[in-house]
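Q: As input, take structure.pdb (PDB, C-alpha atoms, pLDDT in the B column):
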ATOM      1  CA  MET D   5     -40.171 -88.022  41.018  1.00 80.00           C
ATOM      2  CA  THR D   6     -40.971 -86.108  37.850  1.00 94.00           C
ATOM      3  CA  TYR D   7     -41.409 -86.651  34.139  1.00 97.00           C
ATOM      4  CA  CYS D   8     -41.324 -83.773  31.669  1.00 98.00           C
ATOM      5  CA  ALA D   9     -40.982 -83.877  27.894  1.00 98.00           C
ATOM      6  CA  GLY D  10     -40.526 -81.215  25.256  1.00 98.00           C
ATOM      7  CA  ILE D  11     -41.174 -82.038  21.590  1.00 98.00           C
ATOM      8  CA  LEU D  12     -40.066 -79.599  18.888  1.00 98.00           C
ATOM      9  CA  VAL D  13     -41.584 -80.296  15.463  1.00 98.00           C
ATOM     10  CA  LYS D  14     -41.851 -78.294  12.266  1.00 98.00           C
ATOM     11  CA  GLN D  15     -45.193 -76.790  13.297  1.00 98.00           C
ATOM     12  CA  GLY D  16     -44.126 -75.831  16.802  1.00 98.00           C
ATOM     13  CA  LEU D  17     -43.523 -76.942  20.367  1.00 98.00           C
ATOM     14  CA  VAL D  18     -45.281 -79.337  22.754  1.00 98.00           C
ATOM     15  CA  MET D  19     -44.435 -79.322  26.471  1.00 98.00           C
ATOM     16  CA  ILE D  20     -45.770 -81.889  28.965  1.00 98.00           C
ATOM     17  CA  ALA D  21     -45.127 -82.235  32.706  1.00 98.00           C
ATOM     18  CA  ASP D  22     -46.641 -84.176  35.571  1.00 97.00           C
ATOM     19  CA  THR D  23     -47.337 -82.472  38.905  1.00 96.00           C
ATOM     20  CA  ARG D  24     -46.536 -85.093  41.542  1.00 91.00           C
ATOM     21  CA  THR D  25     -43.929 -84.233  44.155  1.00 85.00           C
ATOM     22  CA  ASN D  26     -43.011 -86.508  47.035  1.00 72.00           C
ATOM     23  CA  ALA D  27     -40.713 -86.216  50.013  1.00 52.00           C
ATOM     24  CA  GLY D  28     -41.311 -89.717  51.326  1.00 52.00           C
ATOM     25  CA  LEU D  29     -44.071 -92.293  51.161  1.00 50.00           C
ATOM     26  CA  ASP D  30     -46.431 -90.247  53.332  1.00 56.00           C
ATOM     27  CA  ASN D  31     -45.740 -86.788  51.892  1.00 58.00           C
ATOM     28  CA  ILE D  32     -47.065 -86.621  48.338  1.00 67.00           C
ATOM     29  CA  SER D  33     -48.221 -83.282  46.948  1.00 82.00           C
ATOM     30  CA  THR D  34     -49.138 -81.590  43.684  1.00 88.00           C
ATOM     31  CA  TYR D  35     -47.051 -78.691  42.390  1.00 93.00           C
ATOM     32  CA  ARG D  36     -46.961 -77.031  38.993  1.00 95.00           C
ATOM     33  CA  LYS D  37     -43.763 -77.927  37.139  1.00 97.00           C
ATOM     34  CA  LEU D  38     -44.673 -76.445  33.754  1.00 98.00           C
ATOM     35  CA  HIS D  39     -44.555 -72.652  33.661  1.00 98.00           C
ATOM     36  CA  VAL D  40     -45.684 -70.476  30.732  1.00 98.00           C
ATOM     37  CA  ILE D  41     -44.295 -66.938  30.488  1.00 98.00           C
ATOM     38  CA  ALA D  42     -45.958 -64.768  27.872  1.00 97.00           C
ATOM     39  CA  VAL D  43     -45.504 -61.168  26.781  1.00 97.00           C
ATOM     40  CA  PRO D  44     -48.175 -60.626  24.087  1.00 96.00           C
ATOM     41  CA  GLY D  45     -46.639 -59.967  20.704  1.00 97.00           C
ATOM     42  CA  ASP D  46     -43.079 -60.254  22.057  1.00 98.00           C
ATOM     43  CA  ARG D  47     -42.426 -63.726  23.467  1.00 98.00           C
ATOM     44  CA  VAL D  48     -43.930 -66.951  24.698  1.00 98.00           C
ATOM     45  CA  LEU D  49     -41.679 -69.129  26.851  1.00 98.00           C
ATOM     46  CA  THR D  50     -42.165 -72.407  28.708  1.00 98.00           C
ATOM     47  CA  ILE D  51     -40.056 -73.875  31.497  1.00 98.00           C
ATOM     48  CA  ALA D  52     -40.497 -77.400  32.883  1.00 98.00           C
ATOM     49  CA  THR D  53     -38.616 -78.311  36.051  1.00 98.00           C
ATOM     50  CA  ALA D  54     -37.383 -81.487  37.712  1.00 97.00           C
ATOM     51  CA  GLY D  55     -35.348 -82.151  40.847  1.00 95.00           C
ATOM     52  CA  ASN D  56     -35.388 -80.481  44.246  1.00 94.00           C
ATOM     53  CA  LEU D  57     -38.566 -78.388  44.434  1.00 93.00           C
ATOM     54  CA  SER D  58     -37.032 -75.683  46.638  1.00 93.00           C
ATOM     55  CA  VAL D  59     -34.160 -75.250  44.175  1.00 97.00           C
ATOM     56  CA  SER D  60     -36.408 -75.005  41.121  1.00 97.00           C
ATOM     57  CA  GLN D  61     -38.740 -72.541  42.849  1.00 96.00           C
ATOM     58  CA  SER D  62     -35.757 -70.360  43.837  1.00 97.00           C
ATOM     59  CA  VAL D  63     -34.508 -70.399  40.253  1.00 98.00           C
ATOM     60  CA  MET D  64     -37.926 -69.439  38.909  1.00 98.00           C
ATOM     61  CA  SER D  65     -38.159 -66.554  41.391  1.00 98.00           C
ATOM     62  CA  LEU D  66     -34.749 -65.261  40.302  1.00 98.00           C
ATOM     63  CA  LEU D  67     -35.765 -65.378  36.650  1.00 98.00           C
ATOM     64  CA  HIS D  68     -38.743 -63.152  37.388  1.00 97.00           C
ATOM     65  CA  GLU D  69     -37.015 -60.806  39.850  1.00 97.00           C
ATOM     66  CA  GLY D  70     -33.811 -60.498  37.827  1.00 97.00           C
ATOM     67  CA  LEU D  71     -30.104 -61.293  37.915  1.00 96.00           C
ATOM     68  CA  GLU D  72     -27.287 -58.845  37.441  1.00 92.00           C
ATOM     69  CA  ASN D  73     -25.735 -58.940  33.985  1.00 89.00           C
ATOM     70  CA  PRO D  74     -21.966 -59.372  34.555  1.00 86.00           C
ATOM     71  CA  GLN D  75     -21.155 -57.165  31.534  1.00 86.00           C
ATOM     72  CA  THR D  76     -23.577 -54.271  32.087  1.00 88.00           C
ATOM     73  CA  GLY D  77     -24.341 -54.496  35.808  1.00 90.00           C
ATOM     74  CA  GLU D  78     -28.069 -54.198  35.032  1.00 92.00           C
ATOM     75  CA  LEU D  79     -30.768 -56.580  36.220  1.00 95.00           C
ATOM     76  CA  GLU D  80     -31.988 -59.017  33.575  1.00 96.00           C
ATOM     77  CA  THR D  81     -35.257 -60.924  33.776  1.00 98.00           C
ATOM     78  CA  ILE D  82     -36.646 -63.710  31.641  1.00 98.00           C
ATOM     79  CA  ARG D  83     -39.116 -61.198  30.170  1.00 97.00           C
ATOM     80  CA  GLN D  84     -36.367 -58.870  28.937  1.00 95.00           C
ATOM     81  CA  VAL D  85     -33.533 -60.917  27.426  1.00 96.00           C
ATOM     82  CA  PRO D  86     -33.360 -60.423  23.647  1.00 96.00           C
ATOM     83  CA  THR D  87     -32.901 -64.019  22.411  1.00 98.00           C
ATOM     84  CA  MET D  88     -33.689 -67.596  23.394  1.00 98.00           C
ATOM     85  CA  PHE D  89     -29.977 -68.337  23.699  1.00 98.00           C
ATOM     86  CA  ARG D  90     -29.495 -65.432  26.100  1.00 97.00           C
ATOM     87  CA  ALA D  91     -32.532 -66.619  28.053  1.00 98.00           C
ATOM     88  CA  ALA D  92     -31.007 -70.109  28.365  1.00 98.00           C
ATOM     89  CA  GLN D  93     -27.803 -68.501  29.614  1.00 97.00           C
ATOM     90  CA  LEU D  94     -29.817 -66.523  32.167  1.00 98.00           C
ATOM     91  CA  ILE D  95     -31.442 -69.701  33.470  1.00 98.00           C
ATOM     92  CA  GLY D  96     -27.992 -71.291  33.781  1.00 98.00           C
ATOM     93  CA  ARG D  97     -26.741 -68.280  35.749  1.00 97.00           C
ATOM     94  CA  ALA D  98     -29.786 -68.442  38.027  1.00 98.00           C
ATOM     95  CA  ILE D  99     -29.098 -72.118  38.754  1.00 98.00           C
ATOM     96  CA  ARG D 100     -25.457 -71.380  39.578  1.00 97.00           C
ATOM     97  CA  HIS D 101     -26.505 -68.474  41.811  1.00 97.00           C
ATOM     98  CA  VAL D 102     -28.863 -70.705  43.810  1.00 98.00           C
ATOM     99  CA  ARG D 103     -26.139 -73.355  44.039  1.00 97.00           C
ATOM    100  CA  SER D 104     -23.688 -70.800  45.450  1.00 97.00           C
ATOM    101  CA  THR D 105     -26.142 -69.755  48.177  1.00 96.00           C
ATOM    102  CA  ASP D 106     -27.922 -73.021  49.024  1.00 96.00           C
ATOM    103  CA  GLU D 107     -25.678 -75.998  48.264  1.00 95.00           C
ATOM    104  CA  GLU D 108     -23.728 -75.943  51.542  1.00 95.00           C
ATOM    105  CA  ALA D 109     -26.903 -75.847  53.622  1.00 96.00           C
ATOM    106  CA  LEU D 110     -28.424 -78.648  51.545  1.00 94.00           C
ATOM    107  CA  GLU D 111     -25.354 -80.807  52.071  1.00 94.00           C
ATOM    108  CA  GLU D 112     -25.508 -80.214  55.824  1.00 95.00           C
ATOM    109  CA  ALA D 113     -29.087 -81.457  55.724  1.00 93.00           C
ATOM    110  CA  LYS D 114     -27.909 -84.470  53.671  1.00 92.00           C
ATOM    111  CA  LEU D 115     -29.806 -83.262  50.615  1.00 91.00           C
ATOM    112  CA  SER D 116     -28.328 -83.069  47.128  1.00 92.00           C
ATOM    113  CA  PHE D 117     -28.494 -80.074  44.810  1.00 96.00           C
ATOM    114  CA  GLU D 118     -30.654 -81.521  42.053  1.00 96.00           C
ATOM    115  CA  VAL D 119     -32.351 -79.525  39.328  1.00 97.00           C
ATOM    116  CA  SER D 120     -32.834 -79.764  35.579  1.00 98.00           C
ATOM    117  CA  MET D 121     -35.042 -77.774  33.266  1.00 98.00           C
ATOM    118  CA  LEU D 122     -36.549 -77.850  29.818  1.00 98.00           C
ATOM    119  CA  PHE D 123     -36.772 -74.381  28.308  1.00 98.00           C
ATOM    120  CA  GLY D 124     -38.549 -73.745  25.030  1.00 98.00           C
ATOM    121  CA  GLY D 125     -40.448 -71.127  23.117  1.00 98.00           C
ATOM    122  CA  GLN D 126     -39.916 -68.201  20.812  1.00 98.00           C
ATOM    123  CA  ILE D 127     -39.013 -64.519  21.036  1.00 98.00           C
ATOM    124  CA  LYS D 128     -40.215 -62.163  18.298  1.00 97.00           C
ATOM    125  CA  ASP D 129     -37.955 -62.082  15.201  1.00 97.00           C
ATOM    126  CA  GLY D 130     -36.021 -65.126  16.450  1.00 98.00           C
ATOM    127  CA  PRO D 131     -36.267 -68.891  15.917  1.00 98.00           C
ATOM    128  CA  MET D 132     -38.268 -71.299  18.070  1.00 98.00           C
ATOM    129  CA  ARG D 133     -35.885 -73.284  20.260  1.00 98.00           C
ATOM    130  CA  LEU D 134     -35.849 -75.981  22.927  1.00 98.00           C
ATOM    131  CA  TYR D 135     -33.056 -76.472  25.487  1.00 98.00           C
ATOM    132  CA  MET D 136     -32.243 -78.837  28.330  1.00 98.00           C
ATOM    133  CA  ILE D 137     -30.452 -77.066  31.192  1.00 98.00           C
ATOM    134  CA  TYR D 138     -28.468 -79.078  33.720  1.00 98.00           C
ATOM    135  CA  ALA D 139     -27.678 -78.589  37.419  1.00 97.00           C
ATOM    136  CA  ALA D 140     -24.305 -77.055  36.515  1.00 97.00           C
ATOM    137  CA  GLY D 141     -26.048 -74.349  34.489  1.00 98.00           C
ATOM    138  CA  ASN D 142     -24.812 -75.663  31.145  1.00 98.00           C
ATOM    139  CA  PHE D 143     -27.271 -76.666  28.450  1.00 98.00           C
ATOM    140  CA  ILE D 144     -27.853 -78.465  25.168  1.00 98.00           C
ATOM    141  CA  GLU D 145     -30.235 -77.616  22.315  1.00 98.00           C
ATOM    142  CA  CYS D 146     -32.789 -79.916  20.711  1.00 98.00           C
ATOM    143  CA  GLY D 147     -32.161 -80.757  17.043  1.00 96.00           C
ATOM    144  CA  GLN D 148     -34.235 -82.088  14.155  1.00 97.00           C
ATOM    145  CA  GLU D 149     -32.595 -85.537  14.223  1.00 96.00           C
ATOM    146  CA  ALA D 150     -34.010 -86.268  17.692  1.00 95.00           C
ATOM    147  CA  PRO D 151     -36.731 -83.620  18.085  1.00 98.00           C
ATOM    148  CA  PHE D 152     -37.450 -84.064  21.782  1.00 98.00           C
ATOM    149  CA  LEU D 153     -35.832 -83.662  25.188  1.00 98.00           C
ATOM    150  CA  GLN D 154     -36.804 -85.189  28.553  1.00 98.00           C
ATOM    151  CA  ILE D 155     -36.006 -84.645  32.207  1.00 98.00           C
ATOM    152  CA  GLY D 156     -36.815 -86.607  35.338  1.00 96.00           C
ATOM    153  CA  GLU D 157     -37.951 -90.231  35.074  1.00 95.00           C
ATOM    154  CA  HIS D 158     -37.458 -90.397  31.331  1.00 95.00           C
ATOM    155  CA  LYS D 159     -36.502 -94.010  30.624  1.00 96.00           C
ATOM    156  CA  TYR D 160     -40.019 -95.457  30.424  1.00 97.00           C
ATOM    157  CA  GLY D 161     -41.328 -92.890  27.964  1.00 97.00           C
ATOM    158  CA  LYS D 162     -38.256 -92.513  25.771  1.00 98.00           C
ATOM    159  CA  PRO D 163     -38.736 -95.643  23.583  1.00 97.00           C
ATOM    160  CA  ILE D 164     -42.148 -94.368  22.471  1.00 98.00           C
ATOM    161  CA  LEU D 165     -40.778 -90.965  21.484  1.00 98.00           C
ATOM    162  CA  ASP D 166     -37.783 -92.599  19.770  1.00 97.00           C
ATOM    163  CA  ARG D 167     -40.037 -94.747  17.590  1.00 97.00           C
ATOM    164  CA  ALA D 168     -42.879 -92.361  16.844  1.00 98.00           C
ATOM    165  CA  VAL D 169     -41.736 -88.721  16.790  1.00 98.00           C
ATOM    166  CA  LYS D 170     -40.078 -87.034  13.832  1.00 98.00           C
ATOM    167  CA  PHE D 171     -39.505 -83.365  13.068  1.00 98.00           C
ATOM    168  CA  THR D 172     -42.269 -83.615  10.437  1.00 98.00           C
ATOM    169  CA  THR D 173     -44.824 -85.096  12.862  1.00 98.00           C
ATOM    170  CA  ASP D 174     -48.059 -83.099  13.128  1.00 98.00           C
ATOM    171  CA  ILE D 175     -48.007 -80.991  16.296  1.00 98.00           C
ATOM    172  CA  TYR D 176     -51.171 -82.547  17.754  1.00 98.00           C
ATOM    173  CA  ASP D 177     -49.929 -86.035  16.900  1.00 98.00           C
ATOM    174  CA  ALA D 178     -46.794 -85.041  18.818  1.00 98.00           C
ATOM    175  CA  LEU D 179     -49.018 -84.103  21.768  1.00 98.00           C
ATOM    176  CA  LYS D 180     -50.797 -87.464  21.548  1.00 98.00           C
ATOM    177  CA  ILE D 181     -47.503 -89.381  21.443  1.00 98.00           C
ATOM    178  CA  GLY D 182     -46.203 -87.314  24.338  1.00 98.00           C
ATOM    179  CA  LEU D 183     -49.259 -88.240  26.398  1.00 98.00           C
ATOM    180  CA  ILE D 184     -48.727 -91.929  25.581  1.00 98.00           C
ATOM    181  CA  SER D 185     -45.138 -91.471  26.748  1.00 98.00           C
ATOM    182  CA  MET D 186     -46.436 -89.929  29.984  1.00 98.00           C
ATOM    183  CA  ASP D 187     -48.922 -92.785  30.477  1.00 97.00           C
ATOM    184  CA  SER D 188     -46.166 -95.379  30.061  1.00 97.00           C
ATOM    185  CA  THR D 189     -44.095 -93.575  32.678  1.00 97.00           C
ATOM    186  CA  MET D 190     -47.012 -93.338  35.104  1.00 97.00           C
ATOM    187  CA  ARG D 191     -47.698 -97.059  34.793  1.00 95.00           C
ATOM    188  CA  SER D 192     -44.080 -97.946  35.624  1.00 95.00           C
ATOM    189  CA  ASN D 193     -43.336 -95.339  38.306  1.00 93.00           C
ATOM    190  CA  LEU D 194     -45.835 -94.347  40.993  1.00 87.00           C
ATOM    191  CA  GLY D 195     -43.785 -91.209  41.663  1.00 88.00           C
ATOM    192  CA  VAL D 196     -45.149 -89.729  38.415  1.00 95.00           C
ATOM    193  CA  GLY D 197     -48.830 -88.934  38.325  1.00 94.00           C
ATOM    194  CA  LEU D 198     -51.821 -86.777  37.498  1.00 95.00           C
ATOM    195  CA  PRO D 199     -52.646 -83.961  37.024  1.00 97.00           C
ATOM    196  CA  ILE D 200     -50.643 -83.381  33.823  1.00 98.00           C
ATOM    197  CA  ASP D 201     -49.924 -79.897  32.468  1.00 98.00           C
ATOM    198  CA  ILE D 202     -49.587 -79.419  28.719  1.00 98.00           C
ATOM    199  CA  ALA D 203     -48.754 -76.490  26.451  1.00 98.00           C
ATOM    200  CA  VAL D 204     -48.810 -76.221  22.660  1.00 98.00           C
ATOM    201  CA  ILE D 205     -47.121 -73.294  20.880  1.00 98.00           C
ATOM    202  CA  CYS D 206     -47.292 -72.951  17.112  1.00 98.00           C
ATOM    203  CA  ARG D 207     -44.190 -71.653  15.379  1.00 98.00           C
ATOM    204  CA  ASP D 208     -44.160 -67.864  14.772  1.00 98.00           C
ATOM    205  CA  ALA D 209     -47.489 -67.373  16.587  1.00 98.00           C
ATOM    206  CA  ILE D 210     -45.744 -65.749  19.616  1.00 97.00           C
ATOM    207  CA  GLU D 211     -48.554 -66.994  21.832  1.00 97.00           C
ATOM    208  CA  ALA D 212     -49.645 -70.276  23.350  1.00 98.00           C
ATOM    209  CA  GLU D 213     -52.343 -72.047  21.366  1.00 98.00           C
ATOM    210  CA  LEU D 214     -53.130 -74.398  24.235  1.00 98.00           C
ATOM    211  CA  VAL D 215     -52.393 -74.373  27.964  1.00 98.00           C
ATOM    212  CA  HIS D 216     -54.336 -77.107  29.748  1.00 98.00           C
ATOM    213  CA  ARG D 217     -54.309 -79.290  32.851  1.00 98.00           C
ATOM    214  CA  ILE D 218     -55.435 -82.912  32.525  1.00 98.00           C
ATOM    215  CA  GLU D 219     -57.127 -83.942  35.762  1.00 97.00           C
ATOM    216  CA  ALA D 220     -57.870 -87.454  37.000  1.00 94.00           C
ATOM    217  CA  GLY D 221     -60.861 -88.935  35.195  1.00 95.00           C
ATOM    218  CA  GLU D 222     -60.651 -86.699  32.124  1.00 97.00           C
ATOM    219  CA  PRO D 223     -62.394 -88.699  29.338  1.00 98.00           C
ATOM    220  CA  TYR D 224     -59.849 -88.196  26.542  1.00 98.00           C
ATOM    221  CA  PHE D 225     -56.822 -89.192  28.600  1.00 98.00           C
ATOM    222  CA  HIS D 226     -58.671 -92.175  30.088  1.00 97.00           C
ATOM    223  CA  ASP D 227     -59.632 -93.304  26.576  1.00 98.00           C
ATOM    224  CA  LEU D 228     -56.057 -92.806  25.328  1.00 98.00           C
ATOM    225  CA  ARG D 229     -54.712 -95.013  28.142  1.00 97.00           C
ATOM    226  CA  GLU D 230     -57.244 -97.775  27.448  1.00 97.00           C
ATOM    227  CA  ARG D 231     -56.706 -97.690  23.681  1.00 98.00           C
ATOM    228  CA  TRP D 232     -52.914 -97.799  24.050  1.00 97.00           C
ATOM    229  CA  SER D 233     -53.094-100.798  26.398  1.00 97.00           C
ATOM    230  CA  ALA D 234     -55.447-102.606  24.015  1.00 98.00           C
ATOM    231  CA  ALA D 235     -53.217-101.806  21.020  1.00 97.00           C
ATOM    232  CA  LEU D 236     -50.157-103.227  22.804  1.00 96.00           C
ATOM    233  CA  ARG D 237     -52.004-106.423  23.705  1.00 96.00           C
ATOM    234  CA  ALA D 238     -53.237-106.845  20.132  1.00 98.00           C
ATOM    235  CA  ALA D 239     -49.760-106.172  18.725  1.00 97.00           C
ATOM    236  CA  HIS D 240     -47.959-108.749  20.851  1.00 95.00           C
ATOM    237  CA  MET D 241     -50.668-111.356  20.152  1.00 96.00           C
ATOM    238  CA  ALA D 242     -50.308-110.753  16.392  1.00 97.00           C
ATOM    239  CA  ILE D 243     -46.559-111.418  16.411  1.00 96.00           C
ATOM    240  CA  PRO D 244     -45.637-115.121  16.028  1.00 94.00           C
ATOM    241  CA  ARG D 245     -43.920-116.826  18.931  1.00 91.00           C
ATOM    242  CA  PRO D 246     -40.124-117.149  18.730  1.00 92.00           C
ATOM    243  CA  PRO D 247     -39.105-120.407  16.984  1.00 91.00           C
ATOM    244  CA  TYR D 248     -36.863-121.447  19.873  1.00 93.00           C
ATOM    245  CA  GLY D 249     -37.091-124.193  22.485  1.00 85.00           C
ATOM    246  CA  LEU D 250     -39.106-127.369  22.936  1.00 74.00           C
ATOM    247  CA  SER D 251     -42.454-125.558  23.186  1.00 66.00           C
ATOM    248  CA  ALA D 252     -42.045-123.808  19.827  1.00 63.00           C
ATOM    249  CA  SER D 253     -44.066-126.516  18.042  1.00 60.00           C
ATOM    250  CA  SER D 254     -47.138-126.082  20.263  1.00 62.00           C
ATOM    251  CA  PRO D 255     -50.087-124.108  18.860  1.00 63.00           C
ATOM    252  CA  ASP D 256     -49.702-120.352  18.933  1.00 61.00           C
ATOM    253  CA  PRO D 257     -52.840-118.795  20.467  1.00 58.00           C
ATOM    254  CA  GLY D 258     -52.000-115.541  18.701  1.00 56.00           C
ATOM    255  CA  LEU D 259     -52.536-117.080  15.254  1.00 54.00           C
TER     256      LEU D 259
END
Render the structure in this file as structure tokens.
A:
Amino acid sequence: MTYCAGILVKQGLVMIADTRTNAGLDNISTYRKLHVIAVPGDRVLTIATAGNLSVSQSVMSLLHEGLENPQTGELETIRQVPTMFRAAQLIGRAIRHVRSTDEEALEEAKLSFEVSMLFGGQIKDGPMRLYMIYAAGNFIECGQEAPFLQIGEHKYGKPILDRAVKFTTDIYDALKIGLISMDSTMRSNLGVGLPIDIAVICRDAIEAELVHRIEAGEPYFHDLRERWSAALRAAHMAIPRPPYGLSASSPDPGL
């Protein structure tokens, strides 16, 4: 299982991904799911992947090696396309190409063709953008009204992002909230786990400000987890009990 989140705020982009991959209870491994592609002064791109690991690795290889442009017949790579939109289209084409070559064999092995990707970043002279790309190769773009996208095991972390993230949120507050979202997912699903890869890209910088891996036992993340748990306990104790039922008149230990 996987959890990845991309948060696009006024100041820039935050990308977060776990690294746990499992193919059964006794086959758990760590693989990088957050990839940063940088061409100094020209572009900084991030891709987070979820789904079948072999499919996502094949797609990533195609993006680096190149796909034929159907209009020009020339090879296009993720480092050459002129806009973020064209790059998202290229990723979609790469997914469809892998589907056309691998899906039949996967079905014979009783495996499903599963892949989804978050793609965000900025190319020089263009806007910063964030997309979610589906297994069919189609995609949607993140907007200011809901300035985040998720893939993988997203349901546990989504309520936190829904309540706390706005387009005007400070970029490092967005990172903090994203890590709380990751912690909530890890606590509810053992298929999501450390290490966690993070990237922070400031708008118009055309370079990554932060690329970091959070390992088990890292003090800040441990402290964040403990503080969030304590804050939740304090919050629910501070809220009065519901005034329903026969026991409603008994003393409320939270008061």
Q: Which residues match the PyMOL selection byres ((chain D and resi 161) around 10) in the file above, as a ChimeraX atom specification?
A: /D:7-9,154,157-160,162-166,181-190,192
Q: Show which residues sit within 8 Å of Thr172 in chain D, as an MDAnalysis selection string. Count all atoms listed in the file, and ignore same-chain residues fewer than 3 positions away.
A: chainID D and resid 13:15
Q: Identify, on the basis of only C-alpha atoms, every residue whose closest approach to Glu222 in chain D does not exceed 12 Å; exclude the query and any residue fewer than 5 positions from it along the same chain; express the result as a list in words.
A: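 My reading of the contact set: Leu198, Pro199, Ile200, His216, Arg217, Asp227, Leu228 and Arg229 of chain D.
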Q: Mind telling me what the PyMOL selection byres ((chain D and resi 68-84) around 12) catches here, as an MDAnalysis selection string?
A: chainID D and resid 39:44 46:51 61:67 85:102 123 125:128
Q: Residues as selected, C-alpha atoms, written as a short mmCIF file (atom, residue, chain, number, x, y, z; two decimals), in the coordinates of the input, can you do that?
A:
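To be explicit, this is the file written out as result_12.cif:
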data_model
loop_
_atom_site.label_atom_id
_atom_site.label_comp_id
_atom_site.auth_asym_id
_atom_site.auth_seq_id
_atom_site.Cartn_x
_atom_site.Cartn_y
_atom_site.Cartn_z
CA HIS D 39 -44.56 -72.65 33.66
CA VAL D 40 -45.68 -70.48 30.73
CA ILE D 41 -44.30 -66.94 30.49
CA ALA D 42 -45.96 -64.77 27.87
CA VAL D 43 -45.50 -61.17 26.78
CA PRO D 44 -48.18 -60.63 24.09
CA ASP D 46 -43.08 -60.25 22.06
CA ARG D 47 -42.43 -63.73 23.47
CA VAL D 48 -43.93 -66.95 24.70
CA LEU D 49 -41.68 -69.13 26.85
CA THR D 50 -42.16 -72.41 28.71
CA ILE D 51 -40.06 -73.88 31.50
CA GLN D 61 -38.74 -72.54 42.85
CA SER D 62 -35.76 -70.36 43.84
CA VAL D 63 -34.51 -70.40 40.25
CA MET D 64 -37.93 -69.44 38.91
CA SER D 65 -38.16 -66.55 41.39
CA LEU D 66 -34.75 -65.26 40.30
CA LEU D 67 -35.76 -65.38 36.65
CA VAL D 85 -33.53 -60.92 27.43
CA PRO D 86 -33.36 -60.42 23.65
CA THR D 87 -32.90 -64.02 22.41
CA MET D 88 -33.69 -67.60 23.39
CA PHE D 89 -29.98 -68.34 23.70
CA ARG D 90 -29.50 -65.43 26.10
CA ALA D 91 -32.53 -66.62 28.05
CA ALA D 92 -31.01 -70.11 28.36
CA GLN D 93 -27.80 -68.50 29.61
CA LEU D 94 -29.82 -66.52 32.17
CA ILE D 95 -31.44 -69.70 33.47
CA GLY D 96 -27.99 -71.29 33.78
CA ARG D 97 -26.74 -68.28 35.75
CA ALA D 98 -29.79 -68.44 38.03
CA ILE D 99 -29.10 -72.12 38.75
CA ARG D 100 -25.46 -71.38 39.58
CA HIS D 101 -26.50 -68.47 41.81
CA VAL D 102 -28.86 -70.70 43.81
CA PHE D 123 -36.77 -74.38 28.31
CA GLY D 125 -40.45 -71.13 23.12
CA GLN D 126 -39.92 -68.20 20.81
CA ILE D 127 -39.01 -64.52 21.04
CA LYS D 128 -40.22 -62.16 18.30
#
Q: If I take CA of Leu134 in chain D and CA of Leu153 in chain D, how far is one from the other in Å, to one decimal?
A: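 Rounded to one decimal, the two atoms are 8.0 Å apart.
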Q: Which one is closest to Pro131 in chain D: D:Leu12, D:Asn26, D:Ala203, D:Asn193? Count all atoms listed in the file.
A: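 Closest residue, counting all atoms listed in the file: D:Leu12.
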Q: At what distance in Å, to one decimal, does CA of Ala238 in chain D lie from CA of Phe171 in chain D?
A: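 One can read the CA of Phe171 in chain D to CA of Ala238 in chain D distance as 28.1 Å.
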Q: Identify all residues satisfying the PyMOL selection byres ((chain D and resi 55) around 8) in the given file; provide them as an NGL selection string.
A: :D and (5-6 or 53-54 or 56-57 or 59-60 or 118-120 or 156)
Q: Using only C-alpha atoms, which residue out of D:Ala139, D:Ala209, D:Leu250, D:Met19 lies closest to Arg103 in chain D?
A: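 So, comparing all the options, the nearest one is D:Ala139.
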Q: Could you tell me how far CA of Tyr176 in chain D lies from CA of Gly16 in chain D, in Å and to one decimal?
A: 9.8 Å
Q: Find, counting only C-alpha atoms, the residue in D:Gly130, D:Asp106, D:Glu213, D:Ile11 that gets nearest to Asp177 in chain D.
A: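 Looking at the shortest contact to Asp177 in chain D, the residue is D:Ile11.
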